[in-house]
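This report concerns only the one structure given below.
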Amino acid sequence: MNMNNKGLDYLALTVAIIGAINWGLIGFFSFDLVAFIFGNMSWLSRIIYAVVGIAGLYIITFYMYAGGVARKESQ
């Protein structure tokens with residue numbers, strides 16, 4: 001079953017990487033870039049945090065087919 005969600009995959013990875021960079025800034029420098037740009041827990045920053053969380057949950061599904069498609073195609 002190939003659903004071909006390549007665009008969604010790249011979008012989720014990009015959002016998760018941005019979220020990871022933000023967490024790195026928080027961990028190393030106590031600087032929350034999202035809160036700095038959009039306000040501390042404003043409705044817009046909450047939406048951004050939620051989208052990053054959803055992207056992270058979506059990326060978990062990558063474990064289900066990581067390497068599986070390549071192995072099936074090579075056989």
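Here's how to read the names in the structure tokens: chain A, B, ... by the order shown, residue numbers from 1 in each chain, ligand numbers from 1 in the order shown.
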message: I need the alpha helix (DSSP H) residues of chain A per DSSP on the backbone, written as a count of residues only.
response: 59
field: Selection: 12 Å around Phe36 (chain A), only C-alpha atoms, excl. self and same-chain fewer than 5 positions, as an MDAnalysis selection string
entry: chainID A and resid 22 25:26 30:31 41:42 44:45
For Ala12 (chain A): contacts at 12 Å, only C-alpha atoms, fewer than 3 positions along chain excluded, given as a VMD selection string: chain A and resid 5 to 9 15 to 19 51 to 62
query: Distance CA of Ile47 (chain A)-CA of Ile21 (chain A), one decimal place?
result: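 It comes out at 17.2 Å.
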- request: Grab the CA of Tyr63 (chain A) to CA of Gly24 (chain A) distance for me, in Å with one decimal place.
  value: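 Computing the Euclidean distance for CA of Tyr63 (chain A) and CA of Gly24 (chain A) yields 23.4 Å.
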field: For CA of Trp23 (chain A) and CA of Ala35 (chain A), the interatomic separation in Å (one decimal)
entry: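 So the answer is 11.7 Å.
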